[in-house]
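Trainee: Input structure: target13.txt, which contains compact mmCIF, C-alpha atoms.
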# COMPACT_ATOMS: atom_id res chain seq x y z
CA ALA L 1 -9.14 -15.23 55.91
CA LEU L 2 -12.54 -14.10 57.19
CA ALA L 3 -13.92 -17.64 57.16
CA ALA L 4 -10.88 -18.81 59.12
CA PHE L 5 -11.47 -16.13 61.75
CA LEU L 6 -15.13 -17.07 62.10
CA ALA L 7 -14.05 -20.67 62.74
CA GLU L 8 -11.46 -19.62 65.35
CA ARG L 9 -11.98 -21.08 68.82
CA GLU L 10 -9.32 -19.18 70.76
CA HIS L 11 -9.47 -15.73 69.15
CA ARG L 12 -12.95 -14.24 68.83
CA VAL L 13 -12.03 -10.56 68.35
CA LEU L 14 -10.36 -9.31 65.16
CA VAL L 15 -8.73 -5.87 65.18
CA LEU L 16 -8.25 -4.03 61.88
CA GLU L 17 -5.53 -1.48 62.60
CA GLY L 18 -4.13 1.28 60.45
CA GLU L 19 -3.87 5.00 59.86
CA ALA L 20 -6.81 7.25 58.97
CA GLY L 21 -7.77 6.80 55.32
CA ALA L 22 -6.15 3.38 55.03
CA GLY L 23 -9.46 1.78 54.07
CA LYS L 24 -10.53 0.22 57.37
CA SER L 25 -14.16 1.33 56.97
CA ALA L 26 -14.32 -0.08 53.46
CA LEU L 27 -12.88 -3.36 54.68
CA ILE L 28 -15.41 -3.53 57.54
CA SER L 29 -18.23 -3.04 55.01
CA ALA L 30 -16.88 -5.77 52.75
CA CYS L 31 -16.51 -8.14 55.71
CA ALA L 32 -20.11 -7.52 56.80
CA ARG L 33 -21.40 -8.37 53.32
CA SER L 34 -19.34 -11.55 53.24
CA VAL L 35 -20.58 -12.69 56.66
CA ALA L 36 -24.19 -12.13 55.59
CA GLU L 37 -23.57 -14.65 52.81
CA LEU L 38 -21.46 -17.11 54.82
CA LEU L 39 -23.75 -17.13 57.89
CA PRO L 40 -27.26 -16.22 56.71
CA HIS L 41 -28.87 -17.33 59.99
CA ALA L 42 -26.53 -15.44 62.33
CA LYS L 43 -27.44 -12.03 63.70
CA LEU L 44 -25.31 -9.18 62.37
CA PHE L 45 -24.70 -5.89 64.14
CA TYR L 46 -22.65 -3.12 62.61
CA HIS L 47 -21.94 0.38 63.89
CA PHE L 48 -19.89 3.05 62.12
CA VAL L 49 -18.70 5.45 64.80
CA GLY L 50 -18.78 9.04 63.61
CA ALA L 51 -20.85 8.30 60.52
CA ALA L 52 -24.05 9.90 61.90
CA PRO L 53 -25.08 12.26 64.71
CA GLY L 54 -25.03 10.44 68.05
CA SER L 55 -22.99 7.51 66.69
CA THR L 56 -20.06 8.35 68.99
CA ASP L 57 -22.22 7.87 72.10
CA LEU L 58 -21.56 4.58 73.93
CA VAL L 59 -25.06 4.36 75.43
CA ARG L 60 -26.70 4.64 72.01
CA LEU L 61 -24.35 2.01 70.63
CA LEU L 62 -25.13 -0.42 73.46
CA ARG L 63 -28.87 0.17 73.27
CA ARG L 64 -28.83 -0.54 69.53
CA MET L 65 -26.75 -3.65 70.09
CA TRP L 66 -29.10 -4.87 72.82
CA LEU L 67 -32.25 -4.28 70.74
CA GLU L 68 -30.84 -5.94 67.62
CA LEU L 69 -29.02 -8.90 69.15
CA ALA L 70 -31.32 -9.68 72.10
CA PRO L 71 -34.70 -8.08 71.32
CA GLY L 72 -36.52 -10.26 73.84
CA GLN L 73 -34.33 -9.18 76.74
CA ALA L 74 -35.21 -6.25 79.02
CA LEU L 75 -33.21 -3.13 78.13
CA PRO L 76 -31.13 -1.92 81.11
CA PRO L 77 -32.00 1.68 82.11
CA THR L 78 -28.50 3.06 82.76
CA GLU L 79 -25.08 3.09 81.13
CA GLU L 80 -23.60 1.17 84.05
CA ALA L 81 -26.23 -1.55 83.74
CA LEU L 82 -25.76 -1.75 79.97
CA VAL L 83 -22.01 -2.21 80.38
CA ARG L 84 -22.38 -4.70 83.23
CA GLY L 85 -24.99 -6.79 81.40
CA ALA L 86 -23.31 -6.84 77.99
CA ARG L 87 -21.66 -10.24 78.43
CA ASP L 88 -24.95 -11.96 79.37
CA MET L 89 -26.69 -10.27 76.45
CA LEU L 90 -24.00 -11.47 74.04
CA ALA L 91 -24.18 -14.99 75.49
CA HIS L 92 -27.93 -14.97 74.83
CA ALA L 93 -27.31 -13.88 71.22
CA GLY L 94 -24.77 -16.69 70.85
CA ARG L 95 -27.28 -19.28 72.01
CA GLU L 96 -29.92 -17.92 69.63
CA GLY L 97 -28.03 -18.74 66.43
CA GLY L 98 -24.83 -16.76 66.86
CA ALA L 99 -23.86 -13.15 66.28
CA VAL L 100 -21.14 -11.21 64.49
CA ILE L 101 -20.45 -7.63 65.56
CA PHE L 102 -18.73 -5.00 63.41
CA ILE L 103 -17.65 -1.70 64.94
CA ASP L 104 -15.78 0.78 62.79
CA ALA L 105 -13.58 3.59 64.19
CA LEU L 106 -13.70 2.40 67.80
CA ASN L 107 -11.27 5.15 68.80
CA GLN L 108 -13.85 7.83 67.88
CA LEU L 109 -16.24 6.88 70.68
CA ASP L 110 -16.85 9.59 73.29
CA ASP L 111 -14.74 9.92 76.45
CA ASP L 112 -17.16 7.90 78.60
CA ALA L 113 -16.46 4.88 76.39
CA GLU L 114 -12.77 5.24 77.13
CA GLN L 115 -13.53 5.41 80.86
CA ALA L 116 -15.57 2.19 80.58
CA GLN L 117 -12.30 0.44 79.61
CA LEU L 118 -14.09 -1.72 77.01
CA GLN L 119 -15.86 -3.67 79.76
CA TRP L 120 -18.87 -3.87 77.45
CA LEU L 121 -16.79 -5.87 74.94
CA PRO L 122 -15.46 -8.94 76.77
CA ALA L 123 -11.94 -10.01 75.83
CA SER L 124 -13.21 -13.59 75.77
CA LEU L 125 -16.48 -13.44 73.88
CA PRO L 126 -19.22 -16.02 74.49
CA PHE L 127 -19.59 -19.10 72.29
CA CYS L 128 -20.79 -18.36 68.74
CA VAL L 129 -20.10 -14.62 69.05
CA ARG L 130 -17.38 -12.88 67.02
CA CYS L 131 -16.41 -9.22 66.81
CA VAL L 132 -14.49 -7.25 64.18
CA VAL L 133 -13.39 -3.73 65.14
CA SER L 134 -11.31 -1.12 63.35
CA VAL L 135 -9.11 1.34 65.18
CA ILE L 136 -6.26 3.76 64.50
CA GLY L 137 -2.99 2.39 65.81
CA GLY L 138 -1.48 4.06 68.85
CA THR L 139 -4.76 5.40 70.23
CA LYS L 140 -5.94 4.58 73.75
CA HIS L 141 -8.61 2.18 72.48
CA HIS L 142 -5.99 0.41 70.39
CA ASP L 143 -3.69 0.07 73.41
CA MET L 144 -6.56 -1.26 75.55
CA LEU L 145 -7.42 -3.90 72.96
CA LEU L 146 -3.84 -5.13 72.69
CA SER L 147 -3.37 -5.33 76.47
CA ARG L 148 -6.19 -7.82 76.93
CA THR L 149 -6.08 -11.54 77.61
CA PRO L 150 -6.70 -13.43 75.45
CA SER L 151 -5.16 -11.08 72.93
CA PRO L 152 -7.17 -10.34 69.77
CA LEU L 153 -6.16 -11.26 66.27
CA ARG L 154 -4.59 -8.29 64.49
CA LEU L 155 -4.77 -7.37 60.82
CA PRO L 156 -2.79 -4.33 59.66
CA VAL L 157 -4.64 -2.38 56.96
CA GLY L 158 -2.53 -0.61 54.38
CA GLU L 159 -2.02 -0.82 50.64
CA LEU L 160 -3.78 -3.78 49.03
CA ASP L 161 -1.79 -6.24 46.95
CA HIS L 162 -3.19 -7.49 43.64
CA VAL L 163 -4.85 -10.59 45.12
CA ALA L 164 -6.53 -8.61 47.90
CA ARG L 165 -7.82 -6.05 45.39
CA GLU L 166 -9.35 -8.72 43.20
CA GLN L 167 -10.97 -10.46 46.17
CA LEU L 168 -12.46 -7.20 47.41
CA VAL L 169 -13.96 -6.43 43.99
CA ARG L 170 -15.41 -9.92 43.59
CA THR L 171 -16.93 -9.70 47.08
CA SER L 172 -18.46 -6.30 46.31
CA TRP L 173 -19.88 -7.51 42.99
CA SER L 174 -20.98 -10.96 44.14
CA GLY L 175 -24.37 -11.85 42.71
CA LEU L 176 -24.11 -9.37 39.86
CA GLY L 177 -24.06 -10.64 36.31
CA GLY L 178 -23.27 -9.13 32.96
CA ALA L 179 -20.23 -7.18 31.83
CA ILE L 180 -19.52 -5.75 35.28
CA SER L 181 -18.44 -9.15 36.61
CA ASP L 182 -16.33 -9.98 33.55
CA ASP L 183 -12.72 -10.88 34.37
CA ARG L 184 -11.42 -8.19 31.99
CA CYS L 185 -13.50 -5.52 33.72
CA ILE L 186 -12.19 -6.61 37.12
CA ALA L 187 -8.60 -6.68 35.84
CA THR L 188 -8.92 -3.14 34.46
CA LEU L 189 -10.29 -1.83 37.76
CA VAL L 190 -7.70 -3.44 40.04
CA ALA L 191 -4.88 -2.16 37.81
CA LYS L 192 -5.78 1.47 38.58
CA ASP L 193 -3.35 3.32 40.86
CA GLY L 194 -6.11 4.20 43.34
CA ALA L 195 -7.08 0.53 43.72
CA ARG L 196 -4.27 0.06 46.22
CA ASN L 197 -6.49 1.88 48.72
CA ALA L 198 -9.48 -0.13 49.95
CA LEU L 199 -11.66 2.96 50.43
CA TRP L 200 -11.05 4.10 46.83
CA LEU L 201 -11.68 0.61 45.48
CA VAL L 202 -14.95 0.02 47.34
CA SER L 203 -16.20 3.49 46.29
CA ALA L 204 -15.37 2.67 42.67
CA CYS L 205 -17.21 -0.65 42.93
CA GLU L 206 -20.32 1.06 44.29
CA GLU L 207 -20.28 3.67 41.53
CA LEU L 208 -19.91 1.07 38.81
CA LYS L 209 -22.85 -0.91 40.19
CA VAL L 210 -25.29 1.88 39.32
CA MET L 211 -23.89 2.68 35.88
What do you get writing this file as C-alpha cells?
Mentor:
Amino acid sequence: ALAAFLAEREHRVLVLEGEAGAGKSALISACARSVAELLPHAKLFYHFVGAAPGSTDLVRLLRRMWLELAPGQALPPTEEALVRGARDMLAHAGREGGAVIFIDALNQLDDDAEQAQLQWLPASLPFCVRCVVSVIGGTKHHDMLLSRTPSPLRLPVGELDHVAREQLVRTSWSGLGGAISDDRCIATLVAKDGARNALWLVSACEELKVM
C-alpha cells in the first residue's frame, strides 16, 4: 500500500486518521523505515509533534524542514516568509532527488499553525514530493485537510487484522536474522491480544530486538 501511494500521481498527501492511542505514531515510524529502504536516495523528513519540547512550534518545524530538505537555500527570517516560501522549497527538494515528509500528530501543533491554515503544506505537492501525516479525526486540522482540493488519500487507523500485523512485524524486523525472524516467532507475536494495536505491536518488536 505504501509503495502504491509513493507511485501516485494525483494524490501526494496521505492522511492517517484515528483516535488517540490507535497506533498512528507507530504506523508513521514503520512507514518511515520502509521508505528509507524503498527510496534510499530520497530525502526523508519526519517530525513527531509533542514528542519533545518545542516540537509543537510551527516555526521550529518549518526551519527543520528547510534545513534538512533544502540545506543550500537561504533560511527565511520570519514565520510568514517560511510559510510563503514552503512550496518553492519543497519544489527544490523534489528536483534534488525527491522527498518524503512524515508528520505525526498534526493536530497537536500550536495555535499559530492552525491560523496558518496549512498554507505551508500545499494541497498539490510538487513533483517527487510526498507527505504522510497523522491526525485525530474531527479536529480542526483534520477538517482542513479534508476540505482541500485535490483531496488527500485517507487511511483509517484502528485495530490491525492478521495480515497487517504480520506485515508490520516483518517491516520492523527487516534485516535481522536468527530466531527473531523465524515464522513461528512472528506467528506467536501476532497472535497476542495486544497485537491488534499498532503501538503495542511496534513496542513489542523494539523490545524483542534487544533481547
Trainee: Give the answer as one residue: which of L:Ala91, L:Val163, L:Asp104, L:Glu206 has the shortest atom-to-atom distance to Tyr46 (chain L), using only C-alpha atoms?
Mentor: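 Going through L:Ala91, L:Val163, L:Asp104, L:Glu206 one by one, the smallest distance to Tyr46 (chain L) is for L:Asp104.
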Trainee: Enter the distance from CA of Asp161 (chain L) to CA of Asn197 (chain L), in Å, rounded to one decimal.
Mentor: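 So the answer is 9.5 Å.
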Trainee: Name the closest residue to Gly194 (chain L) among the candidates L:Val100, L:Leu160, L:Ala20, L:Ala42; distances are taken between atoms, counting all atoms listed in the file.
Mentor: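 Going through L:Val100, L:Leu160, L:Ala20, L:Ala42 one by one, the smallest distance to Gly194 (chain L) is for L:Leu160.
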Trainee: Between L:Ala86, L:Leu201, L:Val169, L:Ala22, which residue has the minimum interatomic distance to Ile186 (chain L), considering all atoms listed in the file?
Mentor: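 Once distances to Ile186 (chain L) are computed over all atoms listed in the file, the minimum belongs to L:Val169.
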Trainee: Ranking L:His11, L:Ile101, L:Val59, L:Ser203 by minimum distance to Ala32 (chain L) and counting all atoms listed in the file, which one comes first?
Mentor: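 Distance minimum relative to Ala32 (chain L) lands on L:Ile101.
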Trainee: Which residue out of L:Arg165, L:Ile28, L:Ser172, L:Leu155 has the minimum interatomic distance to Ala191 (chain L) when all atoms listed in the file are used?
Mentor: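 Checking each candidate against Ala191 (chain L), we get L:Arg165 as the closest.
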Trainee: Counting all atoms listed in the file, which residue out of L:Glu166, L:Glu114, L:Asp88, L:Glu207 sits closest to Lys192 (chain L)?
Mentor: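 Between L:Glu166, L:Glu114, L:Asp88, L:Glu207, the residue approaching Lys192 (chain L) most closely is L:Glu166.
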Trainee: Write out as number ranges by chain the residues lying within 9 Å of region 119-121 of chain L, counting all atoms listed in the file and excluding same-chain residues fewer than 3 positions away.
Mentor: L: 62, 82-87, 116, 124-125, 131
Trainee: List the spatial neighbours of Pro152 (chain L) as a ChimeraX atom specification - criterion: any atom at most 9 Å away, all atoms listed in the file, same-chain residues fewer than 2 positions off excluded.
Mentor: /L:11-15,123,145-146,148-150,154
Trainee: Which residues are close to Val129 (chain L), i.e. within 6 Å by only C-alpha atoms, leaving aside same-chain residues fewer than 5 positions away? Reply as a ChimeraX atom specification.
Mentor: /L:94,98-100
Trainee: Rounded to one decimal, what separation in Å do you get between CA of Asp57 (chain L) and CA of Glu19 (chain L)?
Mentor: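 So the answer is 22.2 Å.
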Trainee: In Å, with one decimal, what is the gap from CA of Ala113 (chain L) to CA of Leu58 (chain L)?
Mentor: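 These atoms are spaced 5.7 Å apart.
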Trainee: Using only C-alpha atoms, determine which residues lie at most 12 Å from Ser29 (chain L), disregarding the query and same-chain residues fewer than 2 positions distant; provide the list as an MDAnalysis selection string.
Mentor: chainID L and resid 23:27 31:36 44:48 101:104 132:134 168 171:172 198:199 202:203 206
Trainee: Please determine the residues with any atom at most 7 Å from (-18.2, 6.3, 68.4) (coordinates as given in the file, with only C-alpha atoms counting) and report them as JSON, numbers by chain.
Mentor: {"L": [49, 50, 55, 56, 57, 58, 105, 106, 108, 109, 110]}
Trainee: Take the point (-13.9, -16.8, 56.8) in the file's coordinates, draw a sphere of radius 10 Å around it, and report as a PyMOL selection string every protein, DNA or RNA residue with an atom inside or on it, counting only C-alpha atoms.
Mentor: chain L and resi 1-8+31+34-35+38-39
Trainee: Pull C-alpha atoms from the residues just selected and write them as a tab-separated table (two decimals), in the coordinates of the input.
Mentor:
chain	number	residue	atom	x	y	z
L	1	ALA	CA	-9.14	-15.23	55.91
L	2	LEU	CA	-12.54	-14.10	57.19
L	3	ALA	CA	-13.92	-17.64	57.16
L	4	ALA	CA	-10.88	-18.81	59.12
L	5	PHE	CA	-11.47	-16.13	61.75
L	6	LEU	CA	-15.13	-17.07	62.10
L	7	ALA	CA	-14.05	-20.67	62.74
L	8	GLU	CA	-11.46	-19.62	65.35
L	31	CYS	CA	-16.51	-8.14	55.71
L	34	SER	CA	-19.34	-11.55	53.24
L	35	VAL	CA	-20.58	-12.69	56.66
L	38	LEU	CA	-21.46	-17.11	54.82
L	39	LEU	CA	-23.75	-17.13	57.89
